[in-house]
file model.cif (mmCIF, C-alpha atoms)
data_structure
#
loop_
_atom_site.label_atom_id
_atom_site.label_comp_id
_atom_site.auth_asym_id
_atom_site.auth_seq_id
_atom_site.Cartn_x
_atom_site.Cartn_y
_atom_site.Cartn_z
CA MET A 10 0.00 0.00 0.00
CA ARG A 11 1.33 3.40 -0.89
CA VAL A 12 0.21 6.96 -1.31
CA ARG A 13 0.99 8.90 -4.44
CA ILE A 14 0.08 12.46 -5.33
CA GLN A 15 0.61 13.22 -8.98
CA ILE A 16 0.90 16.47 -10.90
CA ASP A 17 0.13 16.34 -14.62
CA VAL A 18 0.73 19.27 -16.92
CA ASP A 19 -1.15 19.31 -20.18
CA GLY A 20 -2.53 22.83 -20.48
CA ILE A 21 0.55 24.39 -21.99
CA THR A 22 1.93 21.45 -23.91
CA ASP A 23 1.51 23.42 -27.14
CA GLU A 24 4.12 25.82 -25.81
CA LEU A 25 6.37 22.91 -24.90
CA ARG A 26 5.92 21.33 -28.34
CA LYS A 27 7.20 24.50 -30.01
CA LEU A 28 10.55 23.61 -28.51
CA PRO A 29 10.50 19.82 -28.96
CA ASP A 30 13.74 18.84 -27.28
CA ARG A 31 14.26 21.73 -24.93
CA GLY A 32 10.55 21.95 -24.09
CA LYS A 33 10.51 18.36 -22.90
CA LYS A 34 13.70 18.93 -20.94
CA VAL A 35 12.40 22.12 -19.33
CA GLY A 36 9.06 20.52 -18.47
CA LYS A 37 10.72 17.60 -16.73
CA GLU A 38 13.21 19.90 -15.04
CA VAL A 39 10.57 22.22 -13.56
CA LEU A 40 8.30 19.38 -12.42
CA GLY A 41 11.32 17.60 -10.96
CA ILE A 42 12.15 20.63 -8.80
CA VAL A 43 8.51 21.23 -7.77
CA THR A 44 8.10 17.62 -6.65
CA GLN A 45 11.34 17.86 -4.67
CA GLU A 46 9.95 20.97 -2.95
CA ILE A 47 6.72 19.13 -2.14
CA ALA A 48 8.68 16.13 -0.84
CA SER A 49 10.87 18.31 1.40
CA VAL A 50 7.79 19.88 3.06
CA ALA A 51 6.08 16.47 3.28
CA ARG A 52 9.11 15.02 5.08
CA ALA A 53 9.17 17.95 7.51
CA THR A 54 5.47 17.65 8.38
CA ALA A 55 4.89 13.88 8.15
CA PRO A 56 3.56 12.27 11.33
CA GLU A 57 6.20 10.26 13.11
CA LYS A 58 5.87 7.02 14.97
CA THR A 59 9.02 5.17 13.97
CA GLY A 60 10.36 7.53 11.30
CA ALA A 61 9.68 4.97 8.54
CA LEU A 62 6.91 7.07 7.01
CA ARG A 63 9.01 10.22 6.96
CA GLY A 64 11.96 8.34 5.49
CA SER A 65 9.81 6.89 2.71
CA VAL A 66 8.68 10.23 1.24
CA ARG A 67 10.21 10.64 -2.19
CA ALA A 68 9.69 12.38 -5.51
CA THR A 69 9.36 10.22 -8.60
CA ARG A 70 11.23 10.85 -11.83
CA PRO A 71 9.23 13.09 -14.20
CA VAL A 72 8.18 11.36 -17.41
CA MET A 73 6.43 12.43 -20.60
CA THR A 74 3.66 10.07 -21.63
CA ALA A 75 2.81 9.07 -25.19
CA ARG A 76 -0.09 11.56 -25.03
CA GLY A 77 2.41 14.35 -24.39
CA VAL A 78 1.52 14.77 -20.72
CA ILE A 79 4.43 15.41 -18.38
CA SER A 80 3.81 13.62 -15.15
CA ALA A 81 5.66 13.63 -11.82
CA GLY A 82 4.69 12.49 -8.38
CA VAL A 83 5.50 12.37 -4.69
CA MET A 84 5.11 9.08 -2.89
CA ALA A 85 5.19 7.65 0.60
CA GLY A 86 5.17 4.06 1.74
CA GLY A 87 5.13 1.15 -0.71
CA ARG A 88 8.36 -0.67 -1.40
CA ALA A 89 10.40 1.75 0.70
CA THR A 90 8.58 0.67 3.88
CA ALA A 91 7.87 -2.95 2.91
CA PRO A 92 10.50 -4.33 5.33
CA GLU A 93 8.66 -2.51 8.14
CA GLY A 94 5.60 -4.67 7.60
CA HIS A 95 2.05 -4.19 6.39
CA ALA A 96 1.00 -2.17 9.45
CA THR A 97 3.49 0.55 8.57
CA ASN A 98 2.05 0.88 5.10
CA VAL A 99 -1.47 1.06 6.46
CA TYR A 100 -0.17 3.77 8.79
CA VAL A 101 1.18 5.67 5.76
CA ALA A 102 -2.20 5.63 4.04
CA VAL A 103 -4.10 6.52 7.21
CA GLN A 104 -1.88 9.53 7.89
CA GLU A 105 -2.07 10.92 4.37
CA VAL A 106 -5.81 10.42 4.03
CA GLY A 107 -6.31 11.84 7.50
CA HIS A 108 -8.98 9.37 8.63
CA GLU A 109 -9.16 9.50 12.37
CA HIS A 110 -12.03 7.05 12.59
CA THR A 111 -13.11 3.92 10.78
CA ARG A 112 -16.42 3.80 8.93
CA SER A 113 -18.01 2.23 12.00
CA GLY A 114 -16.88 5.18 14.07
CA ALA A 115 -14.22 3.35 16.07
CA GLU A 116 -11.03 5.29 16.64
CA VAL A 117 -8.13 4.20 14.53
CA THR A 118 -5.21 3.58 16.84
CA LEU A 119 -2.80 4.40 14.03
CA HIS A 120 -3.79 8.04 14.20
CA SER A 121 -0.75 10.13 15.07
CA GLU A 122 -0.72 13.10 17.40
CA THR A 123 2.30 14.70 15.71
CA GLY A 124 2.86 16.13 12.29
CA GLN A 125 -0.19 16.51 10.12
CA ALA A 126 -2.57 14.56 7.95
CA HIS A 127 -2.46 15.29 4.22
CA PHE A 128 1.27 15.86 4.61
CA ILE A 129 1.77 15.38 0.83
CA GLU A 130 -1.49 16.85 -0.43
CA THR A 131 -1.15 20.12 1.49
CA PRO A 132 2.21 21.21 0.02
CA ALA A 133 1.15 19.84 -3.38
CA MET A 134 -1.95 22.04 -3.37
CA ARG A 135 0.21 25.02 -2.37
CA LEU A 136 2.91 24.49 -5.00
CA ALA A 137 1.09 22.95 -7.99
CA PRO A 138 -0.49 26.28 -9.04
CA THR A 139 3.02 27.76 -9.43
CA VAL A 140 3.93 25.20 -12.12
CA PRO A 141 2.49 26.90 -15.26
CA ASP A 142 4.22 30.23 -14.55
CA ARG A 143 7.49 28.51 -13.75
CA LEU A 144 7.30 26.47 -16.94
CA LEU A 145 6.57 29.51 -19.08
CA GLU A 146 9.38 31.48 -17.42
CA ARG A 147 11.91 28.71 -18.06
CA LEU A 148 10.70 28.32 -21.65
CA ALA A 149 11.19 32.05 -22.16
CA GLN A 150 14.73 31.75 -20.80
CA GLU A 151 15.45 28.83 -23.12
CA SER A 152 14.05 30.69 -26.13
CA ALA A 153 16.03 33.88 -25.42
CA MET B 14 31.33 23.37 2.32
CA GLY B 15 28.07 23.27 0.36
CA LEU B 16 25.15 25.60 -0.10
CA PRO B 17 23.37 24.80 3.20
CA LEU B 18 26.40 25.74 5.28
CA GLU B 19 27.26 28.75 3.10
CA VAL B 20 23.74 30.16 3.38
CA ALA B 21 23.39 29.27 7.06
CA THR B 22 26.71 30.98 7.81
CA TYR B 23 25.57 34.06 5.87
CA LEU B 24 22.25 34.21 7.73
CA ALA B 25 24.00 33.76 11.09
CA GLY B 26 25.95 36.92 10.34
CA ALA B 27 23.06 38.88 8.84
CA GLY B 28 21.85 40.54 12.03
CA LEU B 29 18.80 38.32 12.50
CA GLY B 30 19.88 37.03 15.90
CA LEU B 31 20.62 33.58 14.49
CA GLN B 32 23.55 31.52 15.69
CA LEU B 33 25.04 28.76 13.57
CA GLY B 34 24.54 25.37 15.21
CA VAL B 35 22.16 26.83 17.80
CA SER B 36 19.28 28.45 15.97
CA ILE B 37 20.22 27.93 12.32
CA PHE B 38 21.36 24.63 10.88
CA ASP B 39 22.65 23.23 7.59
CA VAL B 40 20.86 19.94 8.34
CA PRO B 41 17.29 19.20 9.50
CA PHE B 42 16.63 20.27 13.08
CA PRO B 43 18.84 18.16 15.36
CA GLU B 44 17.24 16.42 18.34
CA GLY B 45 16.97 18.88 21.21
CA ALA B 46 17.37 22.02 19.10
CA GLN B 47 15.55 25.05 20.48
CA ASP B 48 12.03 25.83 19.26
CA ASN B 49 12.92 29.08 17.50
CA ALA B 50 15.18 27.79 14.76
CA ALA B 51 15.71 27.47 11.01
CA TYR B 52 17.42 25.02 8.66
CA ILE B 53 18.31 24.76 5.02
CA GLU B 54 17.73 21.68 2.88
CA THR B 55 18.95 21.21 -0.69
CA TYR B 56 17.81 18.79 -3.36
CA PRO B 57 18.77 18.14 -6.98
CA GLY B 58 18.22 21.27 -9.03
CA ARG B 59 18.80 21.81 -12.68
CA GLU B 60 21.89 20.89 -14.61
CA GLY B 61 24.77 23.33 -14.31
CA ASP B 62 25.85 25.53 -17.21
CA ARG B 63 28.97 24.30 -18.97
CA THR B 64 31.56 26.15 -20.97
CA PHE B 65 33.37 25.29 -24.16
CA GLY B 66 36.68 23.68 -23.40
CA GLY B 67 37.98 20.58 -21.75
CA ASN B 68 35.51 17.92 -20.72
CA LEU B 69 36.75 18.13 -17.17
CA ALA B 70 36.26 21.90 -16.88
CA ALA B 71 34.13 22.89 -13.90
CA PRO B 72 30.58 24.00 -14.74
CA LEU B 73 30.32 27.76 -15.13
CA GLY B 74 27.07 27.97 -13.24
CA ASP B 75 25.59 25.78 -10.59
CA TRP B 76 21.81 25.95 -10.12
CA THR B 77 20.94 24.62 -6.72
CA SER B 78 17.41 24.39 -5.35
CA PHE B 79 16.83 24.64 -1.63
CA THR B 80 14.18 25.20 1.01
CA VAL B 81 14.44 27.22 4.21
CA PHE B 82 12.34 25.91 7.10
CA VAL B 83 11.58 28.04 10.15
CA ARG B 84 9.76 26.89 13.27
CA ASP B 85 8.90 28.09 16.75
CA ALA B 86 6.84 26.98 19.72
CA ARG B 87 3.15 26.37 19.08
CA GLU B 88 2.12 29.65 20.73
CA ASN B 89 4.70 31.62 18.69
CA VAL B 90 3.32 31.27 15.18
CA ALA B 91 3.76 34.98 14.50
CA VAL B 92 7.39 34.89 15.66
CA ALA B 93 8.14 32.02 13.28
CA GLU B 94 6.48 33.87 10.41
CA THR B 95 8.40 37.07 11.20
CA LEU B 96 11.72 35.20 11.16
CA ALA B 97 10.81 33.42 7.90
CA ILE B 98 10.03 36.76 6.27
CA ALA B 99 13.22 38.35 7.63
CA ILE B 100 15.28 35.48 6.18
CA HIS B 101 13.39 35.81 2.88
CA LYS B 102 14.23 39.51 2.68
CA LYS B 103 17.93 38.80 3.29
CA LEU B 104 18.12 36.02 0.71
CA ARG B 105 16.22 37.78 -2.07
CA ASN B 106 18.67 40.69 -1.83
CA ILE B 107 21.66 38.55 -2.66
CA GLN B 108 23.08 39.42 -6.04
CA GLY B 109 26.71 39.09 -6.98
CA GLN B 110 27.71 38.41 -3.41
CA THR B 111 30.36 36.06 -2.09
CA LEU B 112 29.23 33.68 0.66
CA SER B 113 32.03 31.75 2.37
CA GLY B 114 34.24 32.30 -0.67
CA VAL B 115 31.67 31.19 -3.26
CA LEU B 116 30.13 33.67 -5.71
CA TYR B 117 26.33 33.74 -5.60
CA ARG B 118 25.07 35.58 -8.69
CA ASP B 119 21.44 35.43 -7.60
CA ILE B 120 19.01 33.77 -5.21
CA ARG B 121 15.36 33.73 -6.27
CA ALA B 122 12.25 32.53 -4.50
CA THR B 123 10.66 29.97 -6.82
CA ALA B 124 7.17 29.88 -5.30
CA GLY B 125 6.60 33.26 -3.71
CA ALA B 126 7.00 34.37 -0.11
CA PRO B 127 7.33 32.07 2.94
CA TYR B 128 4.13 30.18 3.73
CA PHE B 129 2.73 28.17 6.61
CA ALA B 130 3.64 24.58 5.77
CA GLY B 131 1.99 22.86 8.71
CA PHE B 132 3.13 21.38 11.99
CA ASP B 133 6.39 19.54 12.48
CA HIS B 134 6.58 15.83 13.20
CA SER B 135 7.93 15.93 16.73
CA ASN B 136 6.24 18.57 18.86
CA ASN B 137 3.62 20.03 16.55
CA ARG B 138 5.51 23.26 16.17
CA PRO B 139 4.33 25.59 13.41
CA LEU B 140 6.59 25.38 10.40
CA TYR B 141 7.12 27.96 7.68
CA ALA B 142 8.77 27.12 4.37
CA CYS B 143 10.12 29.06 1.41
CA HIS B 144 11.68 27.62 -1.73
CA TYR B 145 14.62 29.14 -3.59
CA GLU B 146 16.97 28.59 -6.48
CA ALA B 147 20.55 29.83 -6.32
CA ASP B 148 22.63 30.73 -9.35
CA LYS B 149 26.15 30.31 -8.04
CA ASN B 150 29.64 29.06 -8.68
CA GLU B 151 30.54 25.56 -7.62
CA SER B 152 31.11 25.24 -3.89
#
call {"tool": "encode", "arguments": {"input": "model.cif", "output": "structure tokens"}}
result
Amino acid sequence: MRVRIQIDVDGITDELRKLPDRGKKVGKEVLGIVTQEIASVARATAPEKTGALRGSVRATRPVMTARGVISAGVMAGGRATAPEGHATNVYVAVQEVGHEHTRSGAEVTLHSETGQAHFIETPAMRLAPTVPDRLLERLAQESA
Amino acid sequence: MGLPLEVATYLAGAGLGLQLGVSIFDVPFPEGAQDNAAYIETYPGREGDRTFGGNLAAPLGDWTSFTVFVRDARENVAVAETLAIAIHKKLRNIQGQTLSGVLYRDIRATAGAPYFAGFDHSNNRPLYACHYEADKNES
């Protein structure tokens, strides 16, 4: 079980296509930096029980899909915490989703009192809107 | 010495009341560090600019991305924000300045001013973050 927040950019791909090679490079470069920024804030605010969750936060390599969408993500849990056992990965998902109670209303004992829920989503929501401007600015630099 | 220590050393001497190793760090907050503190974290940025010449020539420009984190006690949210803004004002003014012997041509905030990032993982202290990119010579 893992949590992944993904940012896809497809609104300004026409601009990127005008500079086929450099546009692709710039797109990956900007998304790569933005996801690193998100991951750094996620690590700093992730709830901590053993430190496994915090240590598993990572940015994935940006890729361009066949449809021309540049995609990059930030992940927590999954293979990185597999040696810690299934409970740790459930903990990862519970913390990111922020569920403090089960559907039946019982308290989930995995709820952490430190850090914050939505530790990936919150910085992603803060930083994702900066992506288009940053892409256009870098494209302008490359075209100059 | 790398960017975190160069910038931390600069900020410690910038009249903000910060002391290297006590209230400003080049690594994530060490265990037992005081509440009112800041640290600098780097991550892979963009590829450095290269010059014509030998393959082994040092890159002309080094683009390093980094984040400054500032925290304080839970009841001191405003103090943390004030320090984050003060640091931001110092960093955004750097242009053509030498920090610990390394030329910094420019430091730019990549996503605007410092913002409230949430609560830290140990004592639920409010945490402010601001992201930057430095255009500098190799450290």
call {"tool": "interface_residues", "arguments": {"input": "model.cif", "of": "chain B", "to": "chain A", "cutoff": "12 Å", "atoms": "only C-alpha atoms", "output": "JSON, numbers by chain"}}
result
{"B": [40, 41, 42, 52, 53, 54, 55, 56, 57, 58, 59, 60, 76, 77, 78, 79, 80, 81, 82, 83, 84, 122, 123, 124, 125, 126, 127, 128, 129, 130, 131, 132, 133, 134, 135, 136, 137, 138, 139, 140, 141, 142, 143, 144, 145, 146]}
call {"tool": "closest_residue", "arguments": {"input": "model.cif", "among": "B:Gln32, B:Asn49, B:Ser113, B:Asn150", "to": "Ala97 of chain B", "atoms": "all atoms listed in the file"}}
result
B:Asn49
call {"tool": "atom_distance", "arguments": {"input": "model.cif", "atom1": "atom CA of Arg76 of chain A", "atom2": "atom CA of Gly36 of chain A"}}
result
14.4 Å
call {"tool": "atom_distance", "arguments": {"input": "model.cif", "atom1": "atom CA of Val115 of chain B", "atom2": "atom CA of Ala99 of chain B"}}
result
22.6 Å
call {"tool": "atom_distance", "arguments": {"input": "model.cif", "atom1": "atom CA of Val72 of chain A", "atom2": "atom CA of Arg147 of chain A"}}
result
17.8 Å
call {"tool": "residues_around", "arguments": {"input": "model.cif", "residues": "Leu116 of chain B", "least_positions_apart": "5", "cutoff": "9 Å", "atoms": "all atoms listed in the file", "output": "ChimeraX atom specification"}}
result
/B:109-111,148-152
call {"tool": "write_last_selection", "arguments": {"input": "model.cif", "atoms": "C-alpha atoms", "output": "PDB file, keeping the file's coordinate frame"}}
result
ATOM      1  CA  GLY B 109      26.710  39.090  -6.980  1.00  0.00           C
ATOM      2  CA  GLN B 110      27.710  38.410  -3.410  1.00  0.00           C
ATOM      3  CA  THR B 111      30.360  36.060  -2.090  1.00  0.00           C
ATOM      4  CA  ASP B 148      22.630  30.730  -9.350  1.00  0.00           C
ATOM      5  CA  LYS B 149      26.150  30.310  -8.040  1.00  0.00           C
ATOM      6  CA  ASN B 150      29.640  29.060  -8.680  1.00  0.00           C
ATOM      7  CA  GLU B 151      30.540  25.560  -7.620  1.00  0.00           C
ATOM      8  CA  SER B 152      31.110  25.240  -3.890  1.00  0.00           C
TER       9      SER B 152
END
call {"tool": "resolve_selection", "arguments": {"input": "model.cif", "expression": "the PyMOL selection byres ((chain B and resi 18-31) around 8)", "output": "ChimeraX atom specification"}}
result
/B:14-17,32-33,35-39,50,52-53,96,99-100,103,112-113
call {"tool": "closest_residue", "arguments": {"input": "model.cif", "among": "B:Arg87, B:Arg121, B:Glu44, B:Gly34", "to": "Lys102 of chain B", "atoms": "all atoms listed in the file"}}
result
B:Arg121
call {"tool": "closest_residue", "arguments": {"input": "model.cif", "among": "B:Val92, B:Ile98, B:Ala46, B:Asp75", "to": "Arg118 of chain B", "atoms": "all atoms listed in the file"}}
result
B:Asp75
